[in-house]
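Each remark here refers to the structure printed beneath this line.
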Amino acid sequence: ESAQSMEEFFSTALFIGDSRSVGLYEYAGLEGADFFAASGLSVFRLWEKEVSVPSVGKLTLEELLKQKVYDTIFLMTGINELGYNHTAIVETYADTVEAIRALQPEAMLCLCANLHVTKSRSDRDEIYNNEQIDWLNGEIAALADGSRVIYIDVNPLFDDDQGALRSDYSGDDTHP
């Protein structure tokens, strides 16, 4: 059995998410992957919003998940939810995971940690700060079963020695 190329892997992958996923689409060169992504997207509006998915068209997430079969789905939402009630965030996120699993039972679902913000942003923001992000990431990680639903945290690749997004990696204190 030969190793799968990155292009082959991403040809059956879907990224669902907010501005981070938009950035991946625009800059990462992940040829063949589908992106259901929009700046500001949250789990609270995930199922009602129509998004233009390149090479597929404008549709809802449910329509996309019923139309195509994916081997791997990356869910990258959460930071835009931080201003909401914590219980509502966790319950809605858990419902989203269940709904994706029901529509794509064979897919590997990768729950992606929210990226930290810079220390200066974290120190001045009561909502979008690294303490809140770490809390939410812990709740998201708890939804993974380690088998068909896994948790991925890339923060160590972007963080400084204080556990914040390296300021030299960010132009706006929020995004890499």
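Identifiers for the structure tokens are assigned positionally: chains receive A, B, ... in sequence, residues are indexed from 1 per chain, and ligands are indexed from 1 in the order shown.
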With only C-alpha atoms as the counted atoms, please give the residues lying no more than 12 Å from Leu24 of chain A, apart from itself and same-chain residues fewer than 2 positions off, as a CSV table (one decimal) with N, CA, C and O atoms, in the first residue's frame.
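New file result_15.csv:
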chain,number,residue,atom,x,y,z
A,14,LEU,N,-12.6,18.4,4.4
A,14,LEU,CA,-13.4,19.6,4.5
A,14,LEU,C,-12.9,20.3,5.8
A,14,LEU,O,-12.8,19.8,6.8
A,15,PHE,N,-12.8,21.6,5.6
A,15,PHE,CA,-12.5,22.5,6.7
A,15,PHE,C,-13.7,23.4,6.9
A,15,PHE,O,-14.2,24.1,6.0
A,16,ILE,N,-14.2,23.3,8.2
A,16,ILE,CA,-15.4,24.1,8.6
A,16,ILE,C,-14.8,25.1,9.6
A,16,ILE,O,-14.2,24.7,10.6
A,17,GLY,N,-15.1,26.4,9.3
A,17,GLY,CA,-14.6,27.3,10.3
A,17,GLY,C,-14.7,28.8,10.0
A,17,GLY,O,-15.4,29.2,9.1
A,18,ASP,N,-14.0,29.6,10.9
A,18,ASP,CA,-14.1,31.0,10.9
A,18,ASP,C,-12.9,31.6,10.1
A,18,ASP,O,-12.4,31.0,9.2
A,19,SER,N,-12.5,32.8,10.5
A,19,SER,CA,-11.5,33.5,9.8
A,19,SER,C,-10.2,32.7,9.7
A,19,SER,O,-9.4,32.8,8.7
A,20,ARG,N,-9.9,31.9,10.6
A,20,ARG,CA,-8.7,31.0,10.5
A,20,ARG,C,-8.7,30.1,9.4
A,20,ARG,O,-7.8,29.9,8.6
A,21,SER,N,-9.9,29.5,9.1
A,21,SER,CA,-10.1,28.6,8.0
A,21,SER,C,-10.1,29.4,6.7
A,21,SER,O,-9.6,28.9,5.7
A,22,VAL,N,-10.6,30.6,6.7
A,22,VAL,CA,-10.5,31.5,5.5
A,22,VAL,C,-9.1,31.7,5.2
A,22,VAL,O,-8.6,31.6,4.0
A,26,GLU,N,-6.9,30.7,1.8
A,26,GLU,CA,-6.3,31.7,1.0
A,26,GLU,C,-4.8,31.5,0.9
A,26,GLU,O,-4.2,31.9,-0.1
A,27,TYR,N,-4.1,31.0,1.9
A,27,TYR,CA,-2.7,31.0,2.0
A,27,TYR,C,-2.0,29.6,2.1
A,27,TYR,O,-0.8,29.6,1.8
A,28,ALA,N,-2.7,28.6,2.5
A,28,ALA,CA,-2.0,27.3,2.8
A,28,ALA,C,-1.8,26.5,1.5
A,28,ALA,O,-1.0,25.5,1.6
A,29,GLY,N,-2.4,26.7,0.4
A,29,GLY,CA,-2.2,25.9,-0.8
A,29,GLY,C,-2.7,24.5,-0.6
A,29,GLY,O,-2.1,23.6,-1.1
A,30,LEU,N,-3.8,24.3,0.1
A,30,LEU,CA,-4.3,22.9,0.3
A,30,LEU,C,-5.2,22.5,-0.9
A,30,LEU,O,-6.4,22.6,-0.8
A,31,GLU,N,-4.6,22.2,-2.0
A,31,GLU,CA,-5.3,21.9,-3.2
A,31,GLU,C,-6.3,20.8,-3.0
A,31,GLU,O,-5.9,19.7,-2.5
A,33,ALA,N,-9.0,20.5,-1.2
A,33,ALA,CA,-9.8,20.5,0.0
A,33,ALA,C,-11.0,21.4,-0.2
A,33,ALA,O,-10.9,22.4,-0.9
A,34,ASP,N,-12.1,21.1,0.5
A,34,ASP,CA,-13.3,22.0,0.5
A,34,ASP,C,-13.2,22.8,1.8
A,34,ASP,O,-12.8,22.4,2.8
A,35,PHE,N,-13.7,24.1,1.6
A,35,PHE,CA,-13.7,25.0,2.8
A,35,PHE,C,-15.1,25.6,2.9
A,35,PHE,O,-15.6,26.3,2.0
A,36,PHE,N,-15.8,25.3,4.0
A,36,PHE,CA,-17.0,25.9,4.4
A,36,PHE,C,-16.6,26.9,5.5
A,36,PHE,O,-16.5,26.6,6.7
A,37,ALA,N,-16.2,28.1,5.1
A,37,ALA,CA,-15.5,29.0,6.0
A,37,ALA,C,-16.0,30.4,5.7
A,37,ALA,O,-16.2,30.8,4.6
A,38,ALA,N,-16.2,31.2,6.8
A,38,ALA,CA,-16.5,32.6,6.7
A,38,ALA,C,-16.0,33.3,8.0
A,38,ALA,O,-16.1,32.8,9.1
A,39,SER,N,-15.5,34.5,7.8
A,39,SER,CA,-15.1,35.3,9.0
A,39,SER,C,-16.3,35.5,9.9
A,39,SER,O,-17.4,35.8,9.5
A,74,PHE,N,-12.3,18.9,9.4
A,74,PHE,CA,-11.6,19.7,10.4
A,74,PHE,C,-12.6,20.8,10.9
A,74,PHE,O,-13.1,21.6,10.1
A,76,MET,N,-13.1,24.1,13.0
A,76,MET,CA,-12.2,25.1,13.6
A,76,MET,C,-13.1,26.3,13.9
A,76,MET,O,-13.1,27.4,13.3
A,175,HIS,N,-4.7,37.0,14.8
A,175,HIS,CA,-4.5,36.0,13.8
A,175,HIS,C,-3.0,35.8,13.5
A,175,HIS,O,-2.3,36.8,13.4
A,176,PRO,N,-2.6,34.6,13.2
A,176,PRO,CA,-1.2,34.4,12.7
A,176,PRO,C,-1.1,35.0,11.4
A,176,PRO,O,-2.0,35.1,10.6
Excluding Val117 of chain A and its own-chain neighbours fewer than 6 positions away, which residues fall within 6 Å of it when counting only C-alpha atoms? Please give them as a ChimeraX atom specification.
/A:164-165,173-174
Output of the above residues as a short mmCIF file (atom, residue, chain, number, x, y, z; two decimals), in the first residue's frame, restricted to N, CA and C atoms:
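Output file out_3.cif follows:
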data_model
loop_
_atom_site.label_atom_id
_atom_site.label_comp_id
_atom_site.auth_asym_id
_atom_site.auth_seq_id
_atom_site.Cartn_x
_atom_site.Cartn_y
_atom_site.Cartn_z
N ALA A 164 1.27 32.42 24.79
CA ALA A 164 0.49 33.37 23.99
C ALA A 164 1.00 33.34 22.55
N LEU A 165 0.13 33.75 21.63
CA LEU A 165 0.54 33.85 20.23
C LEU A 165 1.75 34.78 20.13
N ASP A 173 -2.61 41.03 16.49
CA ASP A 173 -2.67 40.49 17.86
C ASP A 173 -3.68 39.35 18.01
N THR A 174 -4.31 38.92 16.92
CA THR A 174 -5.36 37.90 16.99
C THR A 174 -5.11 36.73 16.04
#
Polymer residues at most 10 Å from Ala142 of chain A, only C-alpha atoms, same-chain spacing of 6 or more positions, as number ranges by chain
A: 94, 136, 150-151
Would you save the residues from that selection as a compact mmCIF listing (two decimals), in the first residue's frame, using all heavy atoms?
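Here's the written file out.txt:
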# COMPACT_ATOMS: atom_id res chain seq x y z
N ALA A 94 -21.24 20.65 21.26
CA ALA A 94 -21.47 19.20 21.35
C ALA A 94 -22.55 18.76 20.36
O ALA A 94 -22.40 17.73 19.69
CB ALA A 94 -21.85 18.81 22.77
N LEU A 136 -12.17 27.12 26.75
CA LEU A 136 -12.96 26.56 25.65
C LEU A 136 -12.24 25.39 24.99
O LEU A 136 -12.87 24.37 24.70
CB LEU A 136 -13.28 27.64 24.62
CG LEU A 136 -14.12 27.18 23.43
CD1 LEU A 136 -15.44 26.56 23.89
CD2 LEU A 136 -14.38 28.33 22.48
N ILE A 150 -11.08 13.33 17.00
CA ILE A 150 -9.81 13.63 17.66
C ILE A 150 -9.67 15.14 17.86
O ILE A 150 -10.37 15.93 17.23
CB ILE A 150 -8.61 13.07 16.87
CG1 ILE A 150 -8.51 13.73 15.50
CG2 ILE A 150 -8.68 11.56 16.77
CD1 ILE A 150 -7.20 13.43 14.78
N TYR A 151 -8.79 15.50 18.77
CA TYR A 151 -8.52 16.90 19.10
C TYR A 151 -7.12 17.24 18.65
O TYR A 151 -6.17 16.49 18.91
CB TYR A 151 -8.67 17.09 20.61
CG TYR A 151 -8.34 18.47 21.11
CD1 TYR A 151 -9.20 19.54 20.86
CD2 TYR A 151 -7.19 18.71 21.85
CE1 TYR A 151 -8.90 20.81 21.34
CE2 TYR A 151 -6.89 19.97 22.34
CZ TYR A 151 -7.76 21.02 22.08
OH TYR A 151 -7.47 22.27 22.54
Please list as a PDB file with all heavy atoms, in the first residue's frame every residue within 7 Å of segment 98-107 of chain A, counting only C-alpha atoms and excluding residues in the same chain fewer than 2 positions away.
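Contents of selection-v2.pdb, as written:
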ATOM      1  N   LEU A  65     -22.832  18.526   3.532  1.00  0.00           N
ATOM      2  CA  LEU A  65     -22.526  17.229   4.144  1.00  0.00           C
ATOM      3  C   LEU A  65     -23.408  16.105   3.593  1.00  0.00           C
ATOM      4  O   LEU A  65     -23.043  14.936   3.674  1.00  0.00           O
ATOM      5  CB  LEU A  65     -22.651  17.322   5.663  1.00  0.00           C
ATOM      6  CG  LEU A  65     -21.611  18.221   6.349  1.00  0.00           C
ATOM      7  CD1 LEU A  65     -21.904  18.322   7.842  1.00  0.00           C
ATOM      8  CD2 LEU A  65     -20.199  17.730   6.101  1.00  0.00           C
ATOM      9  N   LYS A  66     -24.562  16.453   3.044  1.00  0.00           N
ATOM     10  CA  LYS A  66     -25.422  15.449   2.406  1.00  0.00           C
ATOM     11  C   LYS A  66     -25.012  15.201   0.955  1.00  0.00           C
ATOM     12  O   LYS A  66     -25.291  14.140   0.405  1.00  0.00           O
ATOM     13  CB  LYS A  66     -26.885  15.895   2.452  1.00  0.00           C
ATOM     14  CG  LYS A  66     -27.506  15.756   3.830  1.00  0.00           C
ATOM     15  CD  LYS A  66     -28.957  16.195   3.822  1.00  0.00           C
ATOM     16  CE  LYS A  66     -29.615  15.939   5.174  1.00  0.00           C
ATOM     17  NZ  LYS A  66     -31.021  16.412   5.203  1.00  0.00           N
ATOM     18  N   VAL A  69     -19.100  13.207   0.290  1.00  0.00           N
ATOM     19  CA  VAL A  69     -18.582  12.340   1.346  1.00  0.00           C
ATOM     20  C   VAL A  69     -17.130  12.729   1.598  1.00  0.00           C
ATOM     21  O   VAL A  69     -16.332  12.828   0.665  1.00  0.00           O
ATOM     22  CB  VAL A  69     -18.682  10.854   0.946  1.00  0.00           C
ATOM     23  CG1 VAL A  69     -18.037   9.964   2.005  1.00  0.00           C
ATOM     24  CG2 VAL A  69     -20.137  10.464   0.717  1.00  0.00           C
ATOM     25  N   TYR A  70     -16.803  12.936   2.862  1.00  0.00           N
ATOM     26  CA  TYR A  70     -15.452  13.327   3.244  1.00  0.00           C
ATOM     27  C   TYR A  70     -14.806  12.250   4.105  1.00  0.00           C
ATOM     28  O   TYR A  70     -15.476  11.596   4.894  1.00  0.00           O
ATOM     29  CB  TYR A  70     -15.488  14.651   4.033  1.00  0.00           C
ATOM     30  CG  TYR A  70     -15.960  15.803   3.183  1.00  0.00           C
ATOM     31  CD1 TYR A  70     -17.273  16.257   3.260  1.00  0.00           C
ATOM     32  CD2 TYR A  70     -15.100  16.428   2.291  1.00  0.00           C
ATOM     33  CE1 TYR A  70     -17.716  17.303   2.472  1.00  0.00           C
ATOM     34  CE2 TYR A  70     -15.535  17.481   1.493  1.00  0.00           C
ATOM     35  CZ  TYR A  70     -16.832  17.913   1.589  1.00  0.00           C
ATOM     36  OH  TYR A  70     -17.269  18.946   0.805  1.00  0.00           O
ATOM     37  N   ASP A  71     -13.490  12.094   3.938  1.00  0.00           N
ATOM     38  CA  ASP A  71     -12.728  11.185   4.797  1.00  0.00           C
ATOM     39  C   ASP A  71     -12.329  11.884   6.093  1.00  0.00           C
ATOM     40  O   ASP A  71     -12.263  11.264   7.148  1.00  0.00           O
ATOM     41  CB  ASP A  71     -11.469  10.692   4.082  1.00  0.00           C
ATOM     42  CG  ASP A  71     -11.783   9.732   2.947  1.00  0.00           C
ATOM     43  OD1 ASP A  71     -12.870   9.109   2.956  1.00  0.00           O
ATOM     44  OD2 ASP A  71     -10.943   9.607   2.030  1.00  0.00           O
ATOM     45  N   THR A  72     -12.038  13.192   5.985  1.00  0.00           N
ATOM     46  CA  THR A  72     -11.568  13.964   7.134  1.00  0.00           C
ATOM     47  C   THR A  72     -12.265  15.315   7.161  1.00  0.00           C
ATOM     48  O   THR A  72     -12.345  15.992   6.137  1.00  0.00           O
ATOM     49  CB  THR A  72     -10.041  14.184   7.068  1.00  0.00           C
ATOM     50  OG1 THR A  72      -9.399  12.947   6.790  1.00  0.00           O
ATOM     51  CG2 THR A  72      -9.507  14.736   8.378  1.00  0.00           C
ATOM     52  N   ILE A  73     -12.763  15.690   8.329  1.00  0.00           N
ATOM     53  CA  ILE A  73     -13.413  16.986   8.512  1.00  0.00           C
ATOM     54  C   ILE A  73     -12.731  17.697   9.671  1.00  0.00           C
ATOM     55  O   ILE A  73     -12.586  17.133  10.760  1.00  0.00           O
ATOM     56  CB  ILE A  73     -14.919  16.819   8.804  1.00  0.00           C
ATOM     57  CG1 ILE A  73     -15.610  16.131   7.623  1.00  0.00           C
ATOM     58  CG2 ILE A  73     -15.568  18.180   9.101  1.00  0.00           C
ATOM     59  CD1 ILE A  73     -17.059  15.754   7.883  1.00  0.00           C
ATOM     60  N   ALA A  94     -21.243  20.651  21.258  1.00  0.00           N
ATOM     61  CA  ALA A  94     -21.470  19.203  21.345  1.00  0.00           C
ATOM     62  C   ALA A  94     -22.551  18.762  20.356  1.00  0.00           C
ATOM     63  O   ALA A  94     -22.402  17.728  19.689  1.00  0.00           O
ATOM     64  CB  ALA A  94     -21.851  18.814  22.771  1.00  0.00           C
ATOM     65  N   ASP A  95     -23.624  19.540  20.238  1.00  0.00           N
ATOM     66  CA  ASP A  95     -24.680  19.230  19.268  1.00  0.00           C
ATOM     67  C   ASP A  95     -24.137  19.271  17.843  1.00  0.00           C
ATOM     68  O   ASP A  95     -24.526  18.455  16.999  1.00  0.00           O
ATOM     69  CB  ASP A  95     -25.848  20.226  19.391  1.00  0.00           C
ATOM     70  CG  ASP A  95     -26.632  20.051  20.686  1.00  0.00           C
ATOM     71  OD1 ASP A  95     -26.479  19.013  21.366  1.00  0.00           O
ATOM     72  OD2 ASP A  95     -27.411  20.972  21.012  1.00  0.00           O
ATOM     73  N   THR A  96     -23.245  20.206  17.572  1.00  0.00           N
ATOM     74  CA  THR A  96     -22.632  20.328  16.245  1.00  0.00           C
ATOM     75  C   THR A  96     -21.800  19.094  15.926  1.00  0.00           C
ATOM     76  O   THR A  96     -21.881  18.553  14.826  1.00  0.00           O
ATOM     77  CB  THR A  96     -21.778  21.614  16.178  1.00  0.00           C
ATOM     78  OG1 THR A  96     -22.640  22.737  16.350  1.00  0.00           O
ATOM     79  CG2 THR A  96     -21.038  21.720  14.862  1.00  0.00           C
ATOM     80  N   LEU A 109     -13.358  13.104  12.337  1.00  0.00           N
ATOM     81  CA  LEU A 109     -13.660  14.488  12.695  1.00  0.00           C
ATOM     82  C   LEU A 109     -12.547  15.007  13.598  1.00  0.00           C
ATOM     83  O   LEU A 109     -12.288  14.446  14.665  1.00  0.00           O
ATOM     84  CB  LEU A 109     -15.012  14.584  13.400  1.00  0.00           C
ATOM     85  CG  LEU A 109     -15.443  15.968  13.871  1.00  0.00           C
ATOM     86  CD1 LEU A 109     -15.467  16.981  12.727  1.00  0.00           C
ATOM     87  CD2 LEU A 109     -16.822  15.888  14.540  1.00  0.00           C
TER      88      LEU A 109
END
Let's see if you can do this: from backbone DSSP, list all helix (DSSP H, G or I) residues in segment 2-126 of chain A, as number ranges by chain.
A: 6-10, 19-27, 61-67, 79-81, 86-103, 119-124
Counting only C-alpha atoms, the residue of A:Cys110, A:Asn80, A:Gln4, A:Lys49 that sits nearest Asp153 of chain A:
A:Cys110
As a count of residues only, please: every residue in segment 22-141 of chain A that DSSP puts in strand (DSSP E or B).
22
Separation of atom CA of Asp160 of chain A and atom CA of Val43 of chain A, in Å?
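Separation of atom CA of Asp160 of chain A and atom CA of Val43 of chain A: 28.5 Å.
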Quick one: distance from atom CA of Leu115 of chain A to atom CA of Ser170 of chain A in Å, one decimal?
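A separation of 11.5 Å between them.
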